[in-house]
$ cat target_0.pdb   # PDB, C-alpha atoms
ATOM      1  CA  ASP J   1       0.000   0.000   0.000
ATOM      2  CA  ILE J   2       1.073   3.568  -0.662
ATOM      3  CA  ASP J   3      -0.192   6.534   1.362
ATOM      4  CA  LEU J   4      -0.184   9.369  -1.185
ATOM      5  CA  ARG J   5      -0.556  13.095  -0.482
ATOM      6  CA  LEU J   6      -0.955  15.796  -3.147
ATOM      7  CA  ALA J   7      -0.611  19.505  -2.422
ATOM      8  CA  GLY J   8      -0.950  22.344  -4.914
ATOM      9  CA  GLY J   9       1.037  25.512  -4.337
ATOM     10  CA  GLY J  10       2.837  28.408  -5.962
ATOM     11  CA  ASP J  11       5.700  26.207  -7.184
ATOM     12  CA  GLY J  12       3.385  23.518  -8.609
ATOM     13  CA  TRP J  13       2.173  20.246  -7.138
ATOM     14  CA  THR J  14       4.080  18.460  -4.385
ATOM     15  CA  ILE J  15       3.654  14.687  -4.224
ATOM     16  CA  SER J  16       4.592  13.012  -0.964
ATOM     17  CA  GLY J  17       3.698   9.898   0.921
ATOM     18  CA  GLN J  18       4.813   6.679   2.519
ATOM     19  CA  VAL J  19       5.060   3.037   1.483
ATOM     20  CA  LEU J  20       3.134   1.027   4.073
ATOM     21  CA  GLY J  21       4.583  -2.363   4.895
ATOM     22  CA  PRO J  22       8.106  -3.710   4.673
ATOM     23  CA  CYS J  23      10.553  -1.774   2.550
ATOM     24  CA  ASP J  24      13.857  -3.292   3.578
ATOM     25  CA  GLY J  25      16.719  -1.998   1.497
ATOM     26  CA  GLY J  26      14.974   1.281   0.669
ATOM     27  CA  GLY J  27      13.714   2.186  -2.734
ATOM     28  CA  HIS J  28      13.054   4.998  -5.164
ATOM     29  CA  ILE J  29       9.905   6.700  -6.355
ATOM     30  CA  GLU J  30       9.506   8.757  -9.514
ATOM     31  CA  VAL J  31       6.810  10.498 -11.481
ATOM     32  CA  PHE J  32       6.607  10.682 -15.263
ATOM     33  CA  ASP J  33       4.287  12.269 -17.804
ATOM     34  CA  GLU J  34       1.575   9.719 -18.484
ATOM     35  CA  GLY J  35       1.766  10.407 -22.240
ATOM     36  CA  ASP J  36       5.545   9.821 -22.410
ATOM     37  CA  VAL J  37       6.120   6.428 -24.070
ATOM     38  CA  ASP J  38       9.785   6.516 -22.957
ATOM     39  CA  ARG J  39       8.667   7.004 -19.327
ATOM     40  CA  LYS J  40      11.431   9.486 -18.532
ATOM     41  CA  PRO J  41      11.090  10.690 -14.931
ATOM     42  CA  VAL J  42      10.042  14.298 -14.391
ATOM     43  CA  ALA J  43      10.959  14.082 -10.684
ATOM     44  CA  GLY J  44      12.231  11.417  -8.310
ATOM     45  CA  ALA J  45      13.259  10.776  -4.716
ATOM     46  CA  ASP J  46      14.660   7.998  -2.566
ATOM     47  CA  LEU J  47      12.615   6.493   0.254
ATOM     48  CA  ASN J  48      13.912   7.400   3.709
ATOM     49  CA  ASP J  49      14.302   4.994   6.667
ATOM     50  CA  LEU J  50      10.555   5.201   7.383
ATOM     51  CA  CYS J  51       9.716   4.530   3.711
ATOM     52  CA  GLU J  52       8.574   8.143   3.251
ATOM     53  CA  PHE J  53       9.195  10.321   0.205
ATOM     54  CA  THR J  54       8.677  13.874  -1.038
ATOM     55  CA  LEU J  55       9.111  14.686  -4.719
ATOM     56  CA  PRO J  56      10.138  18.126  -5.991
ATOM     57  CA  PRO J  57       7.143  20.171  -7.229
ATOM     58  CA  VAL J  58       5.801  19.393 -10.717
ATOM     59  CA  THR J  59       3.560  21.459 -12.991
ATOM     60  CA  ALA J  60      -0.114  20.619 -13.457
ATOM     61  CA  GLY J  61      -0.747  17.705 -15.803
ATOM     62  CA  SER J  62      -1.407  13.983 -16.071
ATOM     63  CA  TYR J  63       1.260  11.779 -14.522
ATOM     64  CA  ALA J  64       1.971   8.256 -13.440
ATOM     65  CA  LEU J  65       3.927   7.272 -10.353
ATOM     66  CA  ARG J  66       6.515   4.484 -10.309
ATOM     67  CA  LEU J  67       7.770   2.790  -7.139
ATOM     68  CA  LEU J  68      11.048   0.905  -7.520
ATOM     69  CA  MET J  69      12.158  -1.434  -4.749
ATOM     70  CA  SER J  70      14.636  -4.300  -4.711
ATOM     71  CA  ALA J  71      12.031  -6.981  -5.436
ATOM     72  CA  VAL J  72       9.158  -5.059  -6.989
ATOM     73  CA  GLU J  73       8.220  -2.304  -9.431
ATOM     74  CA  VAL J  74       4.753  -0.764  -9.146
ATOM     75  CA  ASP J  75       3.173   1.773 -11.518
ATOM     76  CA  VAL J  76       0.276   3.957 -10.375
ATOM     77  CA  PRO J  77      -1.356   5.508 -13.474
ATOM     78  CA  GLY J  78      -3.948   8.257 -13.710
ATOM     79  CA  LEU J  79      -2.472  10.864 -11.373
ATOM     80  CA  ASP J  80      -4.252  14.001 -12.638
ATOM     81  CA  LEU J  81      -2.865  17.185 -11.113
ATOM     82  CA  ASN J  82      -4.885  20.181 -12.237
ATOM     83  CA  ALA J  83      -5.314  23.641 -10.747
TER      84      ALA J  83
END
$ encode --input "target_0.pdb" --output "structure tokens"
Amino acid sequence: DIDLRLAGGGDGWTISGQVLGPCDGGGHIEVFDEGDVDRKPVAGADLNDLCEFTLPPVTAGSYALRLLMSAVEVDVPGLDLNA
């Protein structure tokens, strides 16, 4: 499970949250433009010791989130950030 928080502000949208459950060995989370077939990350961050993350602000748009851990990769599509 992923606890996801979205906050709009002057610099854009901040995406933060926490992976719930075991995350031994850490991990990385990134966001990419949902229409990008190459899936190049727009922003990314490492998970901390509590499996929490905060991505740098992104502009409004349609994104997908990708969680990368040692044994799993999870995509969360349909993240619509609009003003």
$ resolve_selection --input "target_0.pdb" --expression "the PyMOL selection byres ((chain J and resi 43) around 10)" --output "PyMOL selection string"
chain J and resi 15+29-33+40-42+44-45+54-58+65
$ write_last_selection --input "target_0.pdb" --atoms "C-alpha atoms" --output "PDB file, in the coordinates of the input"
ATOM      1  CA  ILE J  15       3.654  14.687  -4.224  1.00  0.00           C
ATOM      2  CA  ILE J  29       9.905   6.700  -6.355  1.00  0.00           C
ATOM      3  CA  GLU J  30       9.506   8.757  -9.514  1.00  0.00           C
ATOM      4  CA  VAL J  31       6.810  10.498 -11.481  1.00  0.00           C
ATOM      5  CA  PHE J  32       6.607  10.682 -15.263  1.00  0.00           C
ATOM      6  CA  ASP J  33       4.287  12.269 -17.804  1.00  0.00           C
ATOM      7  CA  LYS J  40      11.431   9.486 -18.532  1.00  0.00           C
ATOM      8  CA  PRO J  41      11.090  10.690 -14.931  1.00  0.00           C
ATOM      9  CA  VAL J  42      10.042  14.298 -14.391  1.00  0.00           C
ATOM     10  CA  GLY J  44      12.231  11.417  -8.310  1.00  0.00           C
ATOM     11  CA  ALA J  45      13.259  10.776  -4.716  1.00  0.00           C
ATOM     12  CA  THR J  54       8.677  13.874  -1.038  1.00  0.00           C
ATOM     13  CA  LEU J  55       9.111  14.686  -4.719  1.00  0.00           C
ATOM     14  CA  PRO J  56      10.138  18.126  -5.991  1.00  0.00           C
ATOM     15  CA  PRO J  57       7.143  20.171  -7.229  1.00  0.00           C
ATOM     16  CA  VAL J  58       5.801  19.393 -10.717  1.00  0.00           C
ATOM     17  CA  LEU J  65       3.927   7.272 -10.353  1.00  0.00           C
TER      18      LEU J  65
END
$ residues_around --input "target_0.pdb" --residues "range 6-10 of chain J" --least-positions-apart "6" --cutoff "10 Å" --atoms "all atoms listed in the file" --output "PyMOL selection string"
chain J and resi 16-17+57-60+79+81-83
$ residues_near_point --input "target_0.pdb" --point "(1.5, 15.1, -16.1)" --cutoff "6 Å" --atoms "only C-alpha atoms" --output "tab-separated table (two decimals) with C-alpha atoms, in the coordinates of the input"
chain	number	residue	atom	x	y	z
J	33	ASP	CA	4.29	12.27	-17.80
J	34	GLU	CA	1.58	9.72	-18.48
J	61	GLY	CA	-0.75	17.70	-15.80
J	62	SER	CA	-1.41	13.98	-16.07
J	63	TYR	CA	1.26	11.78	-14.52
$ closest_residue --input "target_0.pdb" --among "J:Gly21, J:Gly12, J:Gly78, J:Gly35" --to "Glu52 in chain J" --atoms "all atoms listed in the file"
J:Gly21
$ closest_residue --input "target_0.pdb" --among "J:Asp75, J:Asp46, J:Asp1, J:Asp36" --to "Pro22 in chain J" --atoms "only C-alpha atoms"
J:Asp1
$ atom_distance --input "target_0.pdb" --atom1 "CA of Arg5 in chain J" --atom2 "CA of Asp38 in chain J"
25.6 Å
$ atom_distance --input "target_0.pdb" --atom1 "CA of His28 in chain J" --atom2 "CA of Trp13 in chain J"
18.8 Å
$ resolve_selection --input "target_0.pdb" --expression "the PyMOL selection byres ((chain J and resi 49) around 12)" --output "list in words"
Gln18, Val19, Pro22, Cys23, Asp24, Gly25, Gly26, Gly27, His28, Asp46, Leu47, Asn48, Leu50, Cys51, Glu52 and Phe53 of chain J
$ atom_distance --input "target_0.pdb" --atom1 "CA of Thr14 in chain J" --atom2 "CA of Val37 in chain J"
23.2 Å
